[in-house]
>>> print(open('my_file-v8.txt').read())   # compact mmCIF, C-alpha atoms
# COMPACT_ATOMS: atom_id res chain seq x y z
CA MET A 1 0.00 0.00 0.00
CA ASN A 2 1.36 3.38 -0.99
CA ILE A 3 0.99 5.77 1.97
CA ARG A 4 2.27 8.84 0.10
CA PRO A 5 -1.16 9.89 -1.33
CA LEU A 6 -2.66 9.61 2.16
CA LYS A 7 0.12 11.81 3.62
CA ASN A 8 -0.46 14.38 0.87
CA PHE A 9 -4.20 14.33 1.55
CA VAL A 10 -3.68 14.81 5.30
CA PHE A 11 -1.19 17.62 4.62
CA LEU A 12 -3.74 19.41 2.40
CA ILE A 13 -6.43 19.09 5.07
CA ILE A 14 -4.11 20.51 7.75
CA LEU A 15 -3.05 23.32 5.43
CA SER A 16 -6.69 24.15 4.64
CA LEU A 17 -7.67 24.17 8.30
CA SER A 18 -4.73 26.37 9.26
CA THR A 19 -5.61 28.78 6.47
CA PHE A 20 -9.16 29.10 7.78
CA SER A 21 -7.92 29.55 11.34
CA CYS A 22 -5.75 32.47 10.18
CA GLU A 23 -8.90 34.43 9.46
CA ARG A 24 -9.28 36.66 12.49
CA GLU A 25 -12.56 37.48 14.11
CA VAL A 26 -13.17 41.20 14.41
CA ALA A 27 -14.61 42.63 17.63
CA PRO A 28 -17.60 44.87 16.86
CA LEU A 29 -17.19 48.61 17.15
CA LYS A 30 -19.10 50.35 19.93
CA ILE A 31 -19.47 53.49 17.81
CA LYS A 32 -21.88 53.20 14.89
CA LYS A 33 -21.00 55.03 11.69
CA ILE A 34 -23.37 57.96 11.20
CA ASP A 35 -23.15 60.89 8.83
CA TYR A 36 -21.18 63.85 10.19
CA LEU A 37 -23.19 66.99 9.48
CA GLY A 38 -21.35 69.36 11.80
CA ASP A 39 -18.67 71.96 11.29
CA GLN A 40 -16.65 71.48 14.47
CA LEU A 41 -13.80 69.85 12.47
CA ARG A 42 -12.73 70.33 8.89
CA ILE A 43 -12.80 67.10 6.95
CA ASP A 44 -11.29 68.22 3.63
CA GLY A 45 -7.89 66.86 4.63
CA TYR A 46 -6.18 65.09 7.51
CA TYR A 47 -4.85 65.77 11.01
CA HIS A 48 -1.39 64.92 12.30
CA SER A 49 0.30 64.85 15.69
CA GLU A 50 3.96 64.34 16.42
CA VAL A 51 5.31 62.52 19.47
CA GLU A 52 8.76 64.05 19.84
CA THR A 53 9.80 62.15 22.98
CA ILE A 54 10.69 59.15 20.80
CA GLU A 55 13.56 59.24 18.31
CA PRO A 56 12.80 59.25 15.48
CA PRO A 57 9.45 60.89 16.28
CA TYR A 58 6.14 59.08 15.84
CA ILE A 59 3.61 60.84 13.62
CA HIS A 60 -0.08 60.02 14.18
CA VAL A 61 -2.50 60.66 11.32
CA ALA A 62 -6.31 60.92 11.56
CA VAL A 63 -8.66 61.26 8.59
CA PHE A 64 -12.39 61.90 9.04
CA TYR A 65 -15.14 61.54 6.43
CA ARG A 66 -18.69 62.91 6.09
CA ASP A 67 -20.11 59.37 6.29
CA GLY A 68 -18.67 58.86 9.83
CA PHE A 69 -15.76 56.67 8.69
CA CYS A 70 -12.26 57.41 10.02
CA ILE A 71 -8.68 56.28 9.60
CA HIS A 72 -6.11 56.58 12.37
CA THR A 73 -2.60 55.26 11.92
CA CYS A 74 0.95 56.22 12.79
CA THR A 75 4.47 55.94 11.48
CA ARG A 76 7.99 57.01 12.29
CA VAL A 77 9.62 59.67 10.18
CA ASP A 78 13.37 59.97 10.23
CA LYS A 79 14.01 63.71 10.06
CA MET A 80 17.73 63.11 9.63
CA SER A 81 17.05 61.67 6.16
CA GLY A 82 15.86 65.09 5.03
CA SER A 83 12.39 63.87 4.15
CA ASP A 84 9.55 66.36 4.31
CA THR A 85 7.17 64.96 6.94
CA LEU A 86 3.91 66.11 5.35
CA ASN A 87 4.98 64.96 1.89
CA TYR A 88 5.91 61.57 3.39
CA LEU A 89 2.51 61.27 5.09
CA GLU A 90 0.63 62.17 1.94
CA THR A 91 2.55 59.87 -0.40
CA THR A 92 2.96 56.92 1.99
CA LEU A 93 0.04 56.82 4.43
CA LEU A 94 -2.70 58.55 2.48
CA ASN A 95 -2.45 56.70 -0.82
CA ASN A 96 -5.21 54.36 -1.95
CA ALA A 97 -3.02 51.23 -2.01
CA PHE A 98 -1.95 51.62 1.65
CA VAL A 99 -5.46 52.49 2.86
CA SER A 100 -6.93 49.53 0.95
CA LYS A 101 -4.61 47.20 2.87
CA LEU A 102 -5.78 48.72 6.17
CA LYS A 103 -9.42 48.12 5.27
CA GLU A 104 -8.89 44.51 4.15
CA ARG A 105 -7.97 43.20 7.65
CA PRO A 106 -9.36 45.72 9.04
CA LEU A 107 -6.74 47.75 10.85
CA HIS A 108 -6.57 51.43 11.79
CA VAL A 109 -10.06 52.10 10.42
CA GLY A 110 -13.31 52.71 12.27
CA ALA A 111 -15.93 55.31 13.07
CA PHE A 112 -16.08 58.64 14.89
CA LYS A 113 -18.61 60.86 16.60
CA ILE A 114 -18.63 64.43 17.79
CA ASN A 115 -20.79 65.89 20.54
CA GLU A 116 -20.25 69.66 20.69
CA THR A 117 -16.49 69.84 21.50
CA ASP A 118 -16.10 66.19 22.54
CA LEU A 119 -14.48 63.92 19.95
CA GLN A 120 -14.45 60.15 20.10
CA PHE A 121 -13.21 57.75 17.47
CA GLU A 122 -12.83 54.01 17.60
CA ILE A 123 -10.52 52.04 15.34
CA TRP A 124 -9.42 48.44 15.13
CA ASN A 125 -5.85 47.78 16.12
CA ASP A 126 -3.94 44.58 16.70
CA PRO A 127 -0.82 45.39 18.72
CA GLY A 128 0.53 41.86 19.03
CA SER A 129 -2.64 40.38 20.45
CA ILE A 130 -2.79 36.68 21.15
CA VAL A 131 -3.61 34.55 18.12
CA GLY A 132 -7.17 33.36 18.22
CA ARG A 133 -8.57 36.44 19.90
CA PRO A 134 -10.60 38.90 17.87
CA ILE A 135 -8.90 41.99 16.52
CA SER A 136 -9.74 44.47 19.25
CA SER A 137 -10.74 48.07 18.98
CA PHE A 138 -9.35 51.12 20.71
CA SER A 139 -11.39 54.19 21.62
CA HIS A 140 -9.73 57.60 21.52
CA TYR A 141 -11.22 60.50 23.49
CA GLY A 142 -10.45 64.18 23.14
CA LYS A 143 -11.51 67.80 22.89
CA ILE A 144 -11.90 69.95 19.82
CA LEU A 145 -10.07 73.25 20.27
CA ASN A 146 -11.15 74.75 16.92
CA ASP A 147 -12.03 73.45 13.46
CA THR A 148 -8.37 72.70 12.66
CA THR A 149 -7.07 71.47 16.04
CA PHE A 150 -8.03 68.82 18.54
CA VAL A 151 -6.28 67.06 21.42
CA ILE A 152 -6.58 63.37 22.34
CA THR A 153 -6.40 62.92 26.11
CA LYS A 154 -6.90 59.18 26.50
CA MET A 155 -7.05 55.91 24.62
CA VAL A 156 -8.82 52.76 25.87
CA ASN A 157 -8.23 49.17 24.75
CA ASN A 158 -11.83 47.98 24.51
CA ARG A 159 -10.90 44.32 25.07
CA THR A 160 -8.89 44.84 28.27
CA ASN A 161 -10.29 48.25 29.37
CA HIS A 162 -6.67 49.36 29.87
CA THR A 163 -6.54 53.18 29.67
CA PHE A 164 -3.61 55.14 28.32
CA LEU A 165 -3.47 58.85 29.19
CA GLN A 166 -2.24 61.01 26.35
CA ASN A 167 -1.78 64.60 25.34
CA LEU A 168 -1.58 64.46 21.55
CA VAL A 169 -2.39 67.71 19.75
CA TYR A 170 -3.50 67.21 16.15
CA HIS A 171 -3.25 69.90 13.48
CA PHE A 172 -5.11 70.07 10.18
CA GLU A 173 -3.62 69.87 6.69
CA GLN A 174 -5.80 70.29 3.62
CA PHE A 175 -5.44 67.28 1.30
CA SER A 176 -7.20 66.13 -1.83
CA PRO A 177 -8.14 63.63 -3.04
CA LYS A 178 -8.54 61.65 0.16
CA PRO A 179 -8.58 57.85 -0.02
CA ASP A 180 -12.00 56.25 -0.46
CA SER A 181 -14.03 55.69 2.72
CA THR A 182 -15.73 52.48 1.59
CA CYS A 183 -15.06 49.67 4.07
CA ALA A 184 -17.06 46.45 4.42
CA TYR A 185 -16.23 46.21 8.14
CA VAL A 186 -17.42 49.68 9.20
CA LYS A 187 -21.18 49.82 9.03
>>> encode(input="my_file-v8.txt", output="structure tokens")
Amino acid sequence: MNIRPLKNFVFLIILSLSTFSCEREVAPLKIKKIDYLGDQLRIDGYYHSEVETIEPPYIHVAVFYRDGFCIHTCTRVDKMSGSDTLNYLETTLLNNAFVSKLKERPLHVGAFKINETDLQFEIWNDPGSIVGRPISSFSHYGKILNDTTFVITKMVNNRTNHTFLQNLVYHFEQFSPKPDSTCAYVK
């Protein structure tokens, strides 16, 4: 009896099962996407905040859309390389190919809401979570200072309820065209 075909069959079954198990469950967002009809924040561009206590600095980027969708991601920009930070953000983080990858998993995308000067947005993030657990979401809370500036004062991991106090001031930059806001995960 030739056992090789049986081994190949078992290998294919194991491979198929492991492929299916790689699909990650996504924890539901607490914030529901609703149209933003206000004028507290400009949405014809993006917001950025720089954390200068880390070398090279971390740059956080937030993009808000009229349909209630948002993107929030971050990167490091090496200022010693002579790169223009805003140009880097616009060509690297705000291009359709990069944003499409974020929305496929989903990562760094979610929904936002504004109540007078209170801002809250919730995005999915997966900072090294244990395999098998759903991709968890993080809620960010802050205050709107004017239509081009807001400050995030805390972030909460919605799976663990761990709270991180912050003081990140975001500034507006006009940008067009923004990446598409269509995302199957954010409803």
>>> closest_residue(input="my_file-v8.txt", among="A:Leu41, A:Ser49, A:Val61, A:Ile135", to="Gln166 in chain A", atoms="all atoms listed in the file")
A:Ser49
>>> residues_near_point(input="my_file-v8.txt", point="(-14.5, 50.8, 22.0)", cutoff="12 Å", atoms="all atoms listed in the file", output="PyMOL selection string")
chain A and resi 27-32+110-112+120-125+135-141+155-163
>>> closest_residue(input="my_file-v8.txt", among="A:Leu145, A:Ile43, A:Arg76, A:Tyr36", to="Thr92 in chain A", atoms="only C-alpha atoms")
A:Arg76
>>> atom_distance(input="my_file-v8.txt", atom1="CA of Asp67 in chain A", atom2="CA of Lys33 in chain A")
7.0 Å
>>> atom_distance(input="my_file-v8.txt", atom1="CA of Gly68 in chain A", atom2="CA of Asp84 in chain A")
29.7 Å
>>> atom_distance(input="my_file-v8.txt", atom1="CA of Leu107 in chain A", atom2="CA of Gln40 in chain A")
26.0 Å
>>> residues_around(input="my_file-v8.txt", residues="Arg66 in chain A", least_positions_apart="6", cutoff="12 Å", atoms="all atoms listed in the file", output="ChimeraX atom specification")
/A:33-39,41-45,111-114,178,180-182
>>> closest_residue(input="my_file-v8.txt", among="A:Leu119, A:Ala97, A:Leu86, A:Leu168", to="Ile144 in chain A", atoms="all atoms listed in the file")
A:Leu119
>>> residues_around(input="my_file-v8.txt", residues="Ile71 in chain A", least_positions_apart="2", cutoff="6 Å", atoms="all atoms listed in the file", output="tab-separated table (two decimals) with C-alpha atoms, in the coordinates of the input")
chain	number	residue	atom	x	y	z
A	62	ALA	CA	-6.31	60.92	11.56
A	63	VAL	CA	-8.66	61.26	8.59
A	108	HIS	CA	-6.57	51.43	11.79
A	109	VAL	CA	-10.06	52.10	10.42
>>> closest_residue(input="my_file-v8.txt", among="A:Glu173, A:Glu90, A:Asp118, A:Glu25", to="Ile152 in chain A", atoms="all atoms listed in the file")
A:Asp118
>>> closest_residue(input="my_file-v8.txt", among="A:Ser176, A:Thr91, A:Thr149, A:Asn96", to="Thr117 in chain A", atoms="all atoms listed in the file")
A:Thr149
